[in-house]
Amino acid sequence: MNVIWLLSLLFLCFGVLSNGSQKNLSSRPAVVNVGAVFTFESTIGRVAKIAIEEAVKDVNSDAGVLTGTKFVLTMRNSNCSGFIGMIGALQFMETETIAIIGPQSSVVAHMISHVANELQVPLLSFAATDPTLSSLQFPFFVRTTQSDLYQMKAITELVDYYGWRSVIAIFIDDDYGRNGVSALDDALAEKRLKISHKEGIPPGASASQGDIMDILVKVSVLESRIIVLHVNPDIGFKVFSVARYLGMMQNGYVWIATDWLSSVLDTSSPLASDTMDSMQGVLVLRRHTPDSDRKRAFLSRWKKLTGGSLGLNSYGLYAYDTVWLLAHALDAFFNQGGTISFSNDSKLLSIGRGSRHLEEMNVFDGGMLLLNNILKSNFVGLTGPFKFTSDRSLYAPAFDIINVIGTGYRQIGYWSNYSGLSTETPEALYGKPPNRSSVNQRLYGVVWPGETLSKPRGWVFPNNGKLLKIGVPNRVSYREFVSRVRGTDMFKGFCIDVFTAAVTLLPYAVPFQYVSVGDGHKNPNYSELVRMVAEGELDAVVGDIAIVTSRTRIVDFTQPYASSGLVVVAPFRKLNSGAWAFLRPFSPLMWGVTACFFIVIGIVVWILEHRINDEFRGPPKHQIITILWFSFSTMFFAHRESTVSALGRLVLIIWLFVVLIINSSYTASLTSILTVQQLSSPIKGVESLINSNDPIGYQVGSFAEHYLSEELNISESRLVALGSPEEYAKALQNGPGKGGVAAVVDERPYVELFLSTQCKFRIVGQEFTKSGWGFVFPRDSPLAVDMSTAILALSENGDLQRIHDKWLATSACSSESTELESDRLHLKSFWGLFLICGLACFVALVIYFFQILRKFRNAAAVGANSTGTGSSRSGHLQTLFSLMDDRSGHTKTGHKKRRIERSLSENDKEDELKSNPKKKPIRNSLEITTSTSE
């Protein structure tokens, strides 16, 4: 019976499954109509046509996909025309086509995506790479290749890898070209790079060789030598031919072509020798497809199909996988119960019938379900894992980087969105953590245009006959730094010599002319000079320009060639030793703390010694005198009282060590005061200036005015502009009371030069800003980088110091221009010693009082037992104080007198009595004293 039931159950299950399978197969149509729109004669189209046909054959011959349904694909040739491509796509909409493979052109994709959205027919484009074809605007447009957004990121990282700062973009002026270059501009901006110039070429046959000649002549006189070419093959080869004619394929130029060139190289190689000669050294990007057994098998099959006359490019591989993507999505569509049905579009019907036959274009009812299955597809194709991310981009975008050499090309590395530039394949890096550090970015060597292996600098001075306008401040003070030679347009000075020496170290000539800035009556405003560079009025500024934050936001500075920073200059006076000079070594706080510690130590030692040492006992008046005497006598190590207790000796040893350090420091400081000339100034530094209301001087044109008012919040009414060292000296000598200033705030190089001849003033306090002087260039100027390297070379070979000594050698007076600081010793230098001493006192007192309390408890317990009743609080206190005041039975005096008694012999006593009969016997007096002490 069990066997019969089991067999019955199996037959029932097979019947249900068989009915379900027949029902699923019966719901599938016999034929599925799919369209394709692209240009058959184009480089991409010739390959894509064969690849799509082979993919349709493979799909129809595979029993595991679209079982019972034939995949029928109809192709239409757009003939490189956006209008014809649009018409062909619209014709498919009239024939109940469920999906369209294409279009190839980004221009056509923009137009028919609106129709696809309305009729819900998915567009699967294997070649429309325009990054602005957004899934938000065109939800039924599905890109089955990589967007140019990633190609432009790869170019950006390539430019950054070689250290170039700007590029020139030449592009075809349509949606494909403009939007691709716009993506490049955004990607470069993220790395602080830029497109310095853009040139659009008219699309189609309207671009003549003369137009291209005009464009390249304009480009040849520009500064940048990095040219990104984003066009189609027909225009691209014309550009290379004209560039070769103009000498723009020689040493110094860099050409980076997008993947249009790699498609031609893969498809039509070898090209004609003239064509290859016109693009030697060009860097090219190619869409990366990983190596696999399926890909190698298809390549072998491809050679048999084409007889080796047509190569297979990456777009052909993506076209092949696009057919399989649609097949897998349709199979999932039918498995979910989807049906092929169309309905009328009410919007088209409302227009009415007419010769346009718009009513024949119907809405695909299952379009949304099919679209979702397309986006959820996940299979391995000829291009590798084929699946979409959340933003509808293909998984793991990557590009090959190749270098055109000789009759072919050589691959120099890869770029992937995962790890950037590498000589390893992206597949090898996916198993490792992503690492985009500059150390791990690597490419093989490149043969650049002009057959050179040296990396081009990437820029030159514009070849337009113009000289660089170098602004120079026309100073009227401190002319040692920069000054105009009277009657000429030439300049001299420390800054000019540094600039000239740095320019001579550059590996190229720098054509420039100096432009004087300033009226010659007062120093120009240096912030205004910086603004002129930022706004393009000047190409650079050479002078004593301080590098400060507000200026670095709008211009670039070279490496500092001189250190600088704001300091305070004030008048000083000589201090005589005077009657009270002995008090100057210590600050008032130091004197006070030291005196307090002397008293505290005396009290602590008295407490520890009072019970057991007779020298610390006696009437209250005597004990106070003893405390004071003991305390202050330790200053000279002349205390007569000896300590008996271990705690007292510990405290005294530590205190004597502290006294030794204090005495030594005091002696050294007082010696310096009495033997070395002392200087003093009422201004101690920038803090005292901020807290006062005295006027402050600054140099005309210096950034010190802005710093004092904006950063330190000093009222502008207190700031006095001074134009020369003579004005400095006069204002400082007059002082605030006579219309002068209390101090001058200026940069250290000026101050050092001023103090070399003015010995009545000194730098007070510390330098409160740290900066330097540099030459000013526009943002991202490559000349600023090269000049920085030259300045470092000058510093290393000693030329920079020699130029400094030539112009800024100071006189003997400058050697005295040391910063004024207080010569007093402050508490902060000794607080560690006082802390140790205080802790020792505290610990000793704690131990002492613990011992007293233990004796107090024993005495209280004995008293309670004897009386049988508890004592009052006053009784406890009286007992405690008596214990603290009672003399211990073993005192220092008793021990000492016993030792004397033992040391005296009987013979000594007798001799003493004989010589002085009236004196009392020593034995009796000793006995009395001993009995008393006991």
# chains A, B, ... in the order shown; residues from 1 in each chain; ligands from 1
call {"tool": "residues_around", "arguments": {"residues": "A:Thr339", "least_positions_apart": "4", "cutoff": "9 Å", "atoms": "only C-alpha atoms", "output": "PyMOL selection string"}}
result
chain A and resi 27-29+333-334+365-366
call {"tool": "residues_around", "arguments": {"residues": "A:Pro695", "least_positions_apart": "2", "cutoff": "12 Å", "atoms": "only C-alpha atoms", "output": "PyMOL selection string"}}
result
chain A and resi 570+689-693+697-698+708+714-722+731-732+734-745
call {"tool": "residues_around", "arguments": {"residues": "A:Phe657", "least_positions_apart": "6", "cutoff": "10 Å", "atoms": "only C-alpha atoms", "output": "VMD selection string"}}
result
chain A and resid 663 833 837
call {"tool": "atom_distance", "arguments": {"atom1": "atom CA of A:Asp234", "atom2": "atom CA of A:Ala207"}}
result
9.9 Å
call {"tool": "atom_distance", "arguments": {"atom1": "atom CA of A:Thr407", "atom2": "atom CA of A:Ala169"}}
result
26.2 Å
call {"tool": "closest_residue", "arguments": {"among": "A:Gly536, A:Pro131, A:Gly765, A:Gly408", "to": "A:Met276", "atoms": "only C-alpha atoms"}}
result
A:Gly408
call {"tool": "select_by_dssp", "arguments": {"residues": "stretch 409-592 of chain A", "states": "alpha helix (DSSP H)", "output": "number ranges by chain"}}
result
A: 426-429, 494-504, 526-534, 549-552, 588-592
call {"tool": "closest_residue", "arguments": {"among": "A:Ser702, A:Thr144, A:Ser665, A:Thr39", "to": "A:Ala319", "atoms": "only C-alpha atoms"}}
result
A:Thr144
call {"tool": "residues_around", "arguments": {"residues": "A:Leu370", "least_positions_apart": "4", "cutoff": "12 Å", "atoms": "only C-alpha atoms", "output": "compact mmCIF listing (two decimals) with N, CA and C atoms, in the first residue's frame"}}
result
# COMPACT_ATOMS: atom_id res chain seq x y z
N ILE A 98 9.52 45.34 -29.11
CA ILE A 98 9.53 45.40 -27.64
C ILE A 98 10.79 46.06 -27.10
N ALA A 99 11.85 46.18 -27.89
CA ALA A 99 13.10 46.81 -27.44
C ALA A 99 13.91 47.18 -28.66
N GLN A 120 7.31 53.41 -23.59
CA GLN A 120 7.85 52.40 -22.67
C GLN A 120 8.54 51.26 -23.40
N VAL A 121 9.35 51.62 -24.38
CA VAL A 121 10.16 50.66 -25.12
C VAL A 121 11.62 50.86 -24.70
N PRO A 122 12.28 49.87 -24.07
CA PRO A 122 13.66 50.03 -23.63
C PRO A 122 14.61 50.23 -24.81
N LEU A 123 15.55 51.17 -24.61
CA LEU A 123 16.65 51.39 -25.55
C LEU A 123 17.93 50.87 -24.90
N LEU A 124 18.61 49.94 -25.56
CA LEU A 124 19.85 49.36 -25.04
C LEU A 124 20.99 49.79 -25.95
N PHE A 140 14.00 54.79 -19.60
CA PHE A 140 13.99 53.64 -20.51
C PHE A 140 15.25 53.58 -21.38
N VAL A 142 19.00 52.52 -21.44
CA VAL A 142 19.93 51.67 -20.70
C VAL A 142 21.25 51.64 -21.46
N LEU A 325 22.02 40.17 -22.99
CA LEU A 325 21.34 40.84 -21.89
C LEU A 325 19.84 40.89 -22.13
N LEU A 326 19.45 41.26 -23.34
CA LEU A 326 18.02 41.33 -23.67
C LEU A 326 17.39 39.95 -23.66
N ALA A 327 18.13 38.94 -24.11
CA ALA A 327 17.58 37.58 -24.11
C ALA A 327 17.33 37.09 -22.69
N HIS A 328 18.29 37.30 -21.79
CA HIS A 328 18.10 36.88 -20.39
C HIS A 328 16.93 37.64 -19.75
N ALA A 329 16.83 38.93 -20.04
CA ALA A 329 15.74 39.73 -19.47
C ALA A 329 14.38 39.26 -20.00
N LEU A 330 14.30 38.93 -21.32
CA LEU A 330 13.04 38.43 -21.89
C LEU A 330 12.67 37.07 -21.30
N ASP A 331 13.66 36.23 -21.08
CA ASP A 331 13.39 34.92 -20.49
C ASP A 331 12.81 35.09 -19.09
N ALA A 332 13.40 36.00 -18.29
CA ALA A 332 12.85 36.27 -16.96
C ALA A 332 11.47 36.92 -17.06
N PHE A 333 11.27 37.75 -18.08
CA PHE A 333 9.99 38.41 -18.31
C PHE A 333 8.89 37.38 -18.56
N PHE A 334 9.16 36.39 -19.41
CA PHE A 334 8.16 35.37 -19.70
C PHE A 334 7.95 34.44 -18.51
N ASN A 335 9.02 34.15 -17.76
CA ASN A 335 8.88 33.29 -16.58
C ASN A 335 7.99 33.94 -15.52
N GLN A 336 7.94 35.27 -15.50
CA GLN A 336 7.10 35.99 -14.54
C GLN A 336 5.68 36.20 -15.07
N GLY A 337 5.37 35.59 -16.21
CA GLY A 337 4.02 35.70 -16.75
C GLY A 337 3.80 36.89 -17.63
N GLY A 338 4.90 37.56 -18.06
CA GLY A 338 4.76 38.72 -18.92
C GLY A 338 4.29 38.34 -20.31
N THR A 339 3.51 39.19 -20.90
CA THR A 339 2.99 38.95 -22.26
C THR A 339 3.31 40.13 -23.14
N ILE A 340 3.39 39.84 -24.43
CA ILE A 340 3.67 40.88 -25.42
C ILE A 340 2.33 41.49 -25.84
N PHE A 364 4.04 49.81 -25.16
CA PHE A 364 4.34 48.43 -24.80
C PHE A 364 3.91 48.22 -23.35
N ASP A 365 2.87 47.40 -23.15
CA ASP A 365 2.31 47.24 -21.81
C ASP A 365 3.30 46.61 -20.83
N GLY A 366 4.15 45.74 -21.32
CA GLY A 366 5.11 45.08 -20.42
C GLY A 366 6.46 45.76 -20.38
N ILE A 374 15.84 43.77 -17.17
CA ILE A 374 17.12 44.16 -17.79
C ILE A 374 18.10 44.66 -16.73
N LEU A 375 17.60 45.53 -15.86
CA LEU A 375 18.47 46.13 -14.84
C LEU A 375 18.89 45.13 -13.76
N LYS A 376 18.10 44.05 -13.60
CA LYS A 376 18.43 43.03 -12.59
C LYS A 376 19.26 41.90 -13.16
N SER A 377 19.55 41.92 -14.45
CA SER A 377 20.30 40.83 -15.08
C SER A 377 21.71 40.75 -14.50
